[in-house]
>>> print(open('final_25.txt').read())   # compact mmCIF, C-alpha atoms and all ligand atoms
# COMPACT_ATOMS: atom_id res chain seq x y z
CA MET A 1 21.18 -81.81 6.71
CA MET A 2 22.05 -85.23 8.06
CA PRO A 3 19.07 -87.52 7.58
CA GLN A 4 17.30 -88.02 10.87
CA GLU A 5 17.16 -91.75 10.27
CA VAL A 6 20.89 -92.34 10.64
CA LYS A 7 21.29 -93.28 14.27
CA ALA A 8 24.40 -95.42 14.33
CA ILE A 9 27.44 -96.39 12.33
CA GLN A 10 28.93 -99.67 13.37
CA LEU A 11 32.21 -101.35 12.61
CA VAL A 12 33.40 -104.69 13.88
CA TRP A 13 36.58 -106.25 12.66
CA LEU A 14 39.35 -108.78 12.95
CA SER A 15 42.93 -107.72 12.76
CA LYS A 16 45.92 -110.00 12.46
CA THR A 17 48.67 -108.56 14.58
CA GLY A 18 52.07 -109.70 15.78
CA LEU A 19 52.29 -110.31 19.49
CA THR A 20 55.98 -109.61 19.46
CA ASN A 21 55.24 -106.18 18.08
CA LEU A 22 52.59 -105.62 20.67
CA ASN A 23 55.01 -106.31 23.44
CA SER A 24 57.71 -104.04 22.13
CA GLY A 25 56.10 -100.89 23.40
CA GLU A 26 57.63 -97.59 24.34
CA GLY A 27 59.61 -98.26 27.49
CA GLY A 28 57.73 -97.34 30.61
CA SER A 29 54.63 -96.07 28.86
CA ASN A 30 51.51 -97.45 30.42
CA LEU A 31 49.58 -96.90 27.23
CA VAL A 32 50.95 -99.97 25.56
CA ASP A 33 49.26 -102.17 28.04
CA ILE A 34 49.00 -105.71 26.83
CA LYS A 35 46.69 -107.16 29.37
CA LYS A 36 45.66 -110.75 29.75
CA PHE A 37 42.40 -112.29 30.74
CA ARG A 38 41.51 -115.88 31.55
CA TYR A 39 38.66 -117.67 29.87
CA GLY A 40 37.96 -121.39 30.00
CA GLY A 41 41.26 -121.99 31.80
CA GLN A 42 43.36 -120.27 29.12
CA GLU A 43 45.00 -116.89 28.87
CA PHE A 44 44.24 -114.45 26.06
CA PRO A 45 45.82 -111.06 25.34
CA TYR A 46 43.82 -107.88 24.97
CA VAL A 47 44.38 -104.18 24.46
CA SER A 48 42.12 -102.01 26.63
CA GLY A 49 39.32 -99.92 25.18
CA GLN A 50 41.03 -96.87 26.70
CA ALA A 51 44.23 -97.60 24.78
CA MET A 52 42.27 -98.17 21.55
CA ARG A 53 40.55 -94.80 22.05
CA PHE A 54 43.94 -93.17 22.58
CA TYR A 55 45.26 -94.59 19.29
CA LEU A 56 42.18 -93.39 17.44
CA LYS A 57 42.39 -89.90 18.97
CA GLU A 58 46.04 -89.53 18.05
CA ALA A 59 45.35 -90.74 14.51
CA ILE A 60 42.62 -88.10 14.18
CA ARG A 61 44.73 -85.35 15.72
CA ARG A 62 47.26 -85.68 12.91
CA HIS A 63 44.64 -84.43 10.47
CA LEU A 64 43.57 -81.46 12.57
CA GLN A 65 44.79 -77.94 13.16
CA PRO A 66 46.01 -77.33 16.73
CA GLU A 67 42.93 -75.21 17.51
CA GLU A 68 40.61 -78.05 16.51
CA ALA A 69 41.82 -80.53 19.14
CA CYS A 70 42.89 -79.92 22.72
CA VAL A 71 45.51 -81.81 24.71
CA PRO A 72 44.41 -82.95 28.18
CA ASP A 73 45.90 -80.80 30.97
CA GLU A 74 48.04 -81.89 33.94
CA GLN A 75 44.96 -83.31 35.64
CA GLY A 76 43.95 -85.21 32.53
CA GLU A 77 41.02 -82.87 31.87
CA ALA A 78 40.09 -81.96 28.30
CA CYS A 79 38.74 -78.57 27.15
CA GLY A 80 35.11 -79.62 26.85
CA ARG A 81 34.29 -77.31 23.95
CA ILE A 82 32.06 -79.44 21.73
CA SER A 83 31.73 -76.89 18.93
CA GLU A 84 35.45 -76.12 18.59
CA CYS A 85 37.19 -79.31 19.69
CA VAL A 86 36.73 -82.35 17.46
CA LEU A 87 38.22 -84.74 20.03
CA CYS A 88 36.02 -83.51 22.89
CA ASP A 89 33.02 -83.83 20.61
CA LEU A 90 33.82 -87.38 19.44
CA PHE A 91 35.29 -88.86 22.61
CA GLY A 92 33.60 -86.96 25.42
CA PHE A 93 35.26 -85.25 28.37
CA MET A 94 35.16 -84.43 32.05
CA TRP A 95 36.32 -81.21 33.63
CA THR A 96 35.59 -79.35 36.82
CA GLU A 97 35.16 -75.60 37.12
CA ARG A 98 37.57 -73.85 39.43
CA SER A 99 35.82 -72.39 42.44
CA GLU A 100 36.78 -70.26 45.40
CA LYS A 101 35.40 -72.74 47.89
CA ARG A 102 36.49 -76.33 48.04
CA GLY A 103 34.08 -78.84 46.59
CA GLU A 104 31.88 -76.23 44.91
CA GLY A 105 33.23 -76.49 41.36
CA ARG A 106 30.69 -77.79 38.93
CA SER A 107 31.63 -80.86 36.90
CA HIS A 108 31.04 -80.99 33.18
CA VAL A 109 30.77 -84.44 31.74
CA ARG A 110 30.10 -85.62 28.21
CA THR A 111 29.62 -89.31 27.51
CA SER A 112 31.54 -90.31 24.42
CA PRO A 113 29.29 -90.67 21.36
CA VAL A 114 32.00 -92.95 19.96
CA LYS A 115 32.03 -96.31 21.70
CA VAL A 116 35.23 -98.31 21.33
CA SER A 117 35.62 -101.91 22.43
CA PRO A 118 38.87 -103.40 23.69
CA ALA A 119 40.79 -105.44 21.09
CA VAL A 120 40.52 -109.00 22.28
CA GLY A 121 42.95 -111.71 21.17
CA LEU A 122 41.01 -114.76 19.99
CA HIS A 123 43.79 -117.33 20.16
CA PRO A 124 45.12 -118.41 23.56
CA LEU A 125 48.54 -117.07 24.54
CA GLU A 126 49.61 -120.52 25.59
CA ALA A 127 49.26 -121.79 22.05
CA THR A 128 51.85 -119.29 20.86
CA MET A 129 54.31 -120.41 23.52
CA THR A 130 53.87 -124.08 22.73
CA ILE A 131 54.46 -123.43 19.10
CA ASP A 132 57.51 -121.38 19.84
CA PHE A 133 58.97 -124.44 21.60
CA LEU A 134 58.07 -126.79 18.78
CA THR A 135 59.74 -124.69 16.14
CA ARG A 136 63.02 -124.95 18.00
CA ARG A 137 63.18 -128.67 17.30
CA PRO A 138 66.06 -129.51 15.00
CA ARG A 139 65.35 -130.11 11.34
CA GLY A 140 64.65 -133.63 10.24
CA THR A 141 63.11 -134.74 13.51
CA THR A 142 61.02 -137.78 12.74
CA ILE A 143 57.49 -137.81 13.97
CA GLU A 144 56.70 -140.77 16.15
CA ALA A 145 53.42 -142.63 15.74
CA GLY A 146 50.80 -140.95 17.89
CA GLN A 147 52.64 -137.61 17.77
CA GLU A 148 51.06 -136.42 14.55
CA GLU A 149 48.74 -134.07 16.39
CA GLU A 150 51.68 -132.31 18.00
CA ALA A 151 53.60 -132.17 14.74
CA ARG A 152 50.61 -130.64 13.03
CA SER A 153 50.96 -127.55 15.21
CA ILE A 154 54.26 -126.77 13.54
CA VAL A 155 52.20 -125.59 10.61
CA ASN A 156 50.59 -123.08 12.93
CA VAL A 157 53.76 -121.11 13.56
CA GLU A 158 51.74 -118.12 12.42
CA LEU A 159 49.97 -118.31 15.75
CA ALA A 160 52.80 -116.26 17.15
CA THR A 161 50.64 -113.50 15.77
CA ASN A 162 47.15 -113.26 17.15
CA ILE A 163 43.80 -112.37 15.66
CA TYR A 164 42.20 -109.48 17.51
CA LEU A 165 38.51 -108.67 17.53
CA ALA A 166 37.71 -104.98 17.87
CA GLY A 167 34.71 -102.75 17.31
CA THR A 168 33.35 -99.23 17.28
CA CYS A 169 29.88 -97.78 17.29
CA ILE A 170 29.14 -94.14 16.57
CA ASP A 171 26.06 -92.61 18.18
CA VAL A 172 25.44 -90.34 15.19
CA ALA A 173 22.67 -88.23 16.72
CA ARG A 174 25.06 -87.05 19.44
CA ILE A 175 27.90 -85.93 17.22
CA GLY A 176 28.03 -82.15 17.61
CA ARG A 177 25.17 -82.31 20.07
CA GLU A 178 24.71 -82.74 23.79
CA GLU A 179 21.74 -83.48 25.99
CA GLU A 180 20.36 -80.62 28.02
CA LEU A 181 17.65 -80.54 30.64
CA VAL A 182 14.38 -78.90 29.71
CA GLU A 183 11.67 -77.94 32.11
CA LEU A 184 8.43 -79.64 31.14
CA ARG A 185 6.36 -78.24 33.97
CA GLY A 186 7.27 -75.68 36.56
CA ALA A 187 7.36 -76.63 40.25
CA GLU A 188 4.62 -74.15 41.07
CA GLN A 189 2.36 -75.39 38.31
CA ALA A 190 3.01 -79.04 39.10
CA ARG A 191 2.55 -78.32 42.82
CA ARG A 192 5.80 -80.05 43.57
CA LYS A 193 9.05 -79.19 45.25
CA PHE A 194 10.96 -79.42 41.94
CA PRO A 195 9.95 -78.91 38.33
CA ILE A 196 9.31 -81.88 36.05
CA ARG A 197 12.22 -82.17 33.60
CA GLY A 198 13.10 -83.98 30.43
CA VAL A 199 16.14 -84.00 28.17
CA GLN A 200 16.63 -82.86 24.61
CA LEU A 201 19.60 -82.67 22.28
CA LYS A 202 21.11 -79.26 21.78
CA ASP A 203 23.13 -78.48 18.63
CA TYR A 204 26.66 -77.29 19.33
CA VAL A 205 27.74 -77.78 15.74
CA GLN A 206 25.23 -76.15 13.42
CA SER A 207 26.59 -77.36 10.11
CA ASN A 208 25.85 -80.94 9.12
CA THR A 209 28.77 -80.86 6.73
CA GLU A 210 30.98 -80.37 9.79
CA ARG A 211 29.26 -83.18 11.68
CA ILE A 212 29.82 -85.51 8.72
CA ARG A 213 33.44 -84.36 8.46
CA ARG A 214 34.00 -85.38 12.10
CA ILE A 215 32.54 -88.83 11.49
CA ARG A 216 34.75 -89.14 8.40
CA LEU A 217 37.83 -88.28 10.44
CA LEU A 218 37.05 -91.17 12.75
CA LEU A 219 36.48 -93.58 9.85
CA ASP A 220 39.78 -92.42 8.32
CA ALA A 221 41.51 -93.13 11.64
CA ILE A 222 40.24 -96.72 11.63
CA GLN A 223 41.54 -97.13 8.08
CA ASP A 224 44.87 -95.68 9.15
CA PHE A 225 45.53 -97.43 12.44
CA SER A 226 48.75 -98.84 11.03
CA ASP A 227 49.88 -95.59 9.55
CA TYR A 228 49.77 -94.06 12.99
CA SER A 229 51.61 -96.89 14.70
CA LYS A 230 54.54 -96.65 12.31
CA GLN A 231 55.00 -93.02 13.16
CA ALA A 232 54.66 -93.23 16.89
CA ARG A 233 56.24 -96.68 17.22
CA LEU A 234 53.58 -97.38 19.74
CA LEU A 235 51.61 -100.22 18.43
CA THR A 236 51.36 -102.47 15.51
CA ASP A 237 48.75 -102.67 12.79
CA PHE A 238 45.18 -102.68 14.05
CA THR A 239 43.60 -101.97 10.69
CA PRO A 240 40.74 -104.29 9.79
CA ASP A 241 41.57 -107.47 7.83
CA PHE A 242 38.01 -108.72 7.98
CA LEU A 243 35.34 -106.13 8.61
CA LEU A 244 31.61 -105.65 8.81
CA THR A 245 30.27 -102.12 8.77
CA ALA A 246 26.73 -100.81 8.80
CA ILE A 247 24.74 -97.62 8.81
CA GLN A 248 21.70 -98.06 11.02
CA SER A 249 18.42 -96.26 11.43
CA ASN A 250 18.17 -97.68 14.93
CA TYR A 251 20.81 -97.51 17.63
CA SER A 252 21.98 -100.99 18.66
CA HIS A 253 25.24 -102.84 19.20
CA ARG A 254 23.99 -106.12 17.78
CA LEU A 255 26.41 -106.25 14.85
CA GLN A 256 29.32 -106.45 17.30
CA LYS A 257 28.30 -110.07 17.92
CA ALA A 258 28.52 -111.15 14.28
CA ILE A 259 32.12 -112.33 14.36
CA GLN A 260 32.94 -115.41 16.40
CA LEU A 261 35.59 -118.05 15.81
CA GLN A 262 34.67 -121.71 15.71
CA ASP A 263 37.73 -122.97 17.50
CA SER A 264 40.79 -121.52 19.10
CA GLU A 265 43.40 -123.03 16.79
CA GLU A 266 42.29 -121.96 13.38
CA THR A 267 40.73 -118.72 12.27
CA ARG A 268 37.44 -120.12 11.08
CA ILE A 269 34.48 -117.81 11.38
CA ASN A 270 31.29 -119.30 12.72
CA VAL A 271 29.15 -118.79 9.60
CA GLU A 272 25.90 -119.80 11.24
CA ARG A 273 26.34 -117.04 13.86
CA LEU A 274 27.30 -114.61 11.09
CA ARG A 275 24.13 -115.39 9.17
CA GLN A 276 21.92 -115.13 12.28
CA ILE A 277 23.27 -111.74 13.33
CA ILE A 278 23.07 -110.31 9.81
CA ARG A 279 19.42 -111.34 9.65
CA GLU A 280 18.75 -109.75 13.02
CA VAL A 281 20.57 -106.53 12.19
CA ARG A 282 18.80 -106.20 8.83
CA GLN A 283 15.76 -104.61 10.49
CA ASP A 284 17.95 -101.86 11.93
CA LEU A 285 19.73 -101.04 8.69
CA TRP A 286 19.47 -97.77 6.89
CA SER A 287 19.07 -98.21 3.16
CA ALA A 288 21.25 -96.64 0.52
CA ASP A 289 20.01 -96.77 -3.09
CA ASN A 290 17.49 -99.38 -2.01
CA GLN A 291 20.30 -101.58 -0.74
CA PRO A 292 20.72 -102.37 2.96
CA ALA A 293 23.63 -100.27 4.27
CA LEU A 294 25.84 -103.19 5.32
CA TRP A 295 29.18 -104.01 3.79
CA ALA A 296 31.87 -106.59 4.39
CA GLY A 297 35.56 -106.17 3.71
CA MET A 298 38.08 -108.96 3.54
CA ILE A 299 41.69 -109.44 2.60
CA ASP A 300 43.15 -112.75 1.58
CA GLY A 301 44.95 -115.09 3.93
CA VAL A 302 43.44 -114.16 7.28
CA ILE A 303 40.27 -116.24 7.49
CA ASP A 304 40.72 -120.00 7.04
CA ASN A 305 37.18 -120.54 5.77
CA ALA A 306 37.11 -117.37 3.66
CA ALA A 307 35.26 -119.00 0.75
CA GLU A 308 32.47 -120.19 3.03
CA VAL A 309 32.22 -116.78 4.73
CA LYS A 310 32.04 -115.02 1.40
CA GLN A 311 29.30 -117.36 0.22
CA VAL A 312 27.19 -116.67 3.33
CA LEU A 313 27.65 -112.91 3.04
CA GLU A 314 26.72 -112.85 -0.62
CA ALA A 315 23.70 -115.08 -0.03
CA GLU A 316 22.55 -112.51 2.55
CA GLY A 317 22.97 -109.68 0.05
CA VAL A 318 26.09 -108.20 1.66
CA SER A 319 28.71 -106.94 -0.79
CA VAL A 320 32.18 -108.28 -0.09
CA LEU A 321 34.82 -105.65 -0.76
CA THR A 322 38.21 -104.96 0.77
CA PRO A 323 38.09 -103.40 4.28
CA ARG A 324 39.16 -100.01 2.94
CA GLU A 325 36.51 -100.12 0.21
CA ALA A 326 33.84 -101.08 2.75
CA ILE A 327 34.69 -98.06 4.94
CA ASN A 328 34.76 -95.86 1.84
CA ALA A 329 31.26 -97.10 0.98
CA VAL A 330 30.05 -95.81 4.36
CA LYS A 331 31.70 -92.43 3.77
CA THR A 332 30.16 -92.09 0.31
CA VAL A 333 26.66 -92.89 1.54
CA LEU A 334 27.01 -90.43 4.43
CA GLU A 335 28.17 -87.68 2.15
CA ASN A 336 25.41 -88.25 -0.38
CA ALA A 337 22.85 -88.33 2.40
CA GLY A 338 24.27 -85.05 3.68
CA LYS A 339 23.85 -83.47 0.25
CA THR A 340 20.30 -84.58 -0.53
CA SER A 341 18.58 -83.83 2.73
ZN ZN B 1 38.90 -80.56 23.82
>>> encode(input="final_25.txt", output="structure tokens")
Amino acid sequence: MMPQEVKAIQLVWLSKTGLTNLNSGEGGSNLVDIKKFRYGGQEFPYVSGQAMRFYLKEAIRRHLQPEEACVPDEQGEACGRISECVLCDLFGFMWTERSEKRGEGRSHVRTSPVKVSPAVGLHPLEATMTIDFLTRRPRGTTIEAGQEEEARSIVNVELATNIYLAGTCIDVARIGREEELVELRGAEQARRKFPIRGVQLKDYVQSNTERIRRIRLLLDAIQDFSDYSKQARLLTDFTPDFLLTAIQSNYSHRLQKAIQLQDSEETRINVERLRQIIREVRQDLWSADNQPALWAGMIDGVIDNAAEVKQVLEAEGVSVLTPREAINAVKTVLENAGKTS
């Protein structure tokens, strides 16, 4: 059985992704929707949470038999069978019963136990355009006194790709389960018009092995974001380059705030913020082999102050692995927990 204490699995990550790729979507598809938002007078790109959920769902579908995952119908309604359909279980649904009379069909709604944030670009769009212009300058251009600052940006040609911040949180208790109303006291007994009701979770998936398998499928999908995009030619690589992931005994989204950049030009992580959030989250962490269930994953060449970040993480007792290893650590702990309890 899944240990009762596991309430949430969180992942928050940075992904270095080419803007050019992002804009070369399938013609006419509204799923590749590179949206822009303004903050502090500058424009930043983002990919909607809905689109991110779509990519995850499609990545999961590839590992499922047709009968394990429905396709939304012409009205965009999913099947709503939590026990049979992995996607309806993980991502929720809404469908309305057909009825003879208009407006009498009952609606069935499941809130997604998997929360997915939009992927937000952390470097301003404008910066990429400026740099594009600068790189077109002919070779051998001499830098005038006072122009050094401008010339320095040439080094940042890489800004044509952006760093995206994305995150997911899994409400573990609701995987394979759904809330149902229970009558606490009858209307008659309570001398009221209506009974007094509460809610409780009902199991739709009896086997915990199956519940853990569904969580694993989602974790695999995050590891394989890029794999999917190559096949569907939809989007570029959203796999984590720098990642924090935790198993929590308390449901909270706090870890999502751990990653913040110090300035908009370089990819320097605010280490003070990182340290503060890790300390705050520590109380919510589940422990695996007497170690707090929090891991970091990092690949080289994405974070400008990587050495400093690593130092802070290690000082806080967080193992620094690669992103794939960090996600694997979560899977291993889940599976062992599933076996022992
Ligand atoms: Zn379904």
>>> residues_near_ligand(input="final_25.txt", ligand="ligand ZN 1 (chain B)", cutoff="6 Å", atoms="all atoms listed in the file", output="list in words")
Ala69, Cys70, Ala78, Cys79, Gly80, Arg81, Cys85, Leu87 and Cys88 of chain A
>>> atom_distance(input="final_25.txt", atom1="CA of Gln206 in chain A", atom2="CA of Pro292 in chain A")
28.6 Å
>>> atom_distance(input="final_25.txt", atom1="CA of Gly317 in chain A", atom2="CA of Gly297 in chain A")
13.6 Å
>>> atom_distance(input="final_25.txt", atom1="CA of Arg282 in chain A", atom2="CA of Asp241 in chain A")
22.8 Å
>>> residues_around(input="final_25.txt", residues="range 255-267 of chain A", least_positions_apart="5", cutoff="10 Å", atoms="only C-alpha atoms", output="ChimeraX atom specification")
/A:10-14,117,122-124,127,153,156,159,162-163,165-169,242-246,272-278,280-282,284,302-306
>>> residues_near_point(input="final_25.txt", point="(43.5, -93.0, 28.1)", cutoff="12 Å", atoms="only C-alpha atoms", output="VMD selection string")
chain A and resid 29 to 33 47 to 58 71 to 72 76 to 78 91 to 93 116
>>> residues_around(input="final_25.txt", residues="range 170-178 of chain A", least_positions_apart="3", cutoff="7 Å", atoms="all atoms listed in the file", output="ChimeraX atom specification")
/A:6-10,82-83,89-90,113-115,201-205,211
>>> closest_residue(input="final_25.txt", among="A:Val86, A:Val318, A:Gln200, A:Lys310", to="His63 in chain A", atoms="only C-alpha atoms")
A:Val86
>>> residues_around(input="final_25.txt", residues="Lys331 in chain A", least_positions_apart="6", cutoff="12 Å", atoms="all atoms listed in the file", output="VMD selection string")
chain A and resid 9 212 to 220 223 245 to 247 288 293 295 324 to 325 337 to 338
>>> residues_around(input="final_25.txt", residues="Glu316 in chain A", least_positions_apart="3", cutoff="9 Å", atoms="all atoms listed in the file", output="ChimeraX atom specification")
/A:275,278-279,311-313,319
>>> closest_residue(input="final_25.txt", among="A:Gly105, A:Pro323, A:Pro45, A:Pro66", to="Pro118 in chain A", atoms="all atoms listed in the file")
A:Pro45
>>> closest_residue(input="final_25.txt", among="A:Asn328, A:Val333, A:Ile60, A:Val309", to="Ser287 in chain A", atoms="all atoms listed in the file")
A:Val333
>>> closest_residue(input="final_25.txt", among="A:Lys16, A:Lys339, A:Arg268, A:His253", to="Gly121 in chain A", atoms="only C-alpha atoms")
A:Lys16
>>> closest_residue(input="final_25.txt", among="A:Gly103, A:Lys36, A:Gly41, A:Glu335", to="Glu210 in chain A", atoms="only C-alpha atoms")
A:Glu335
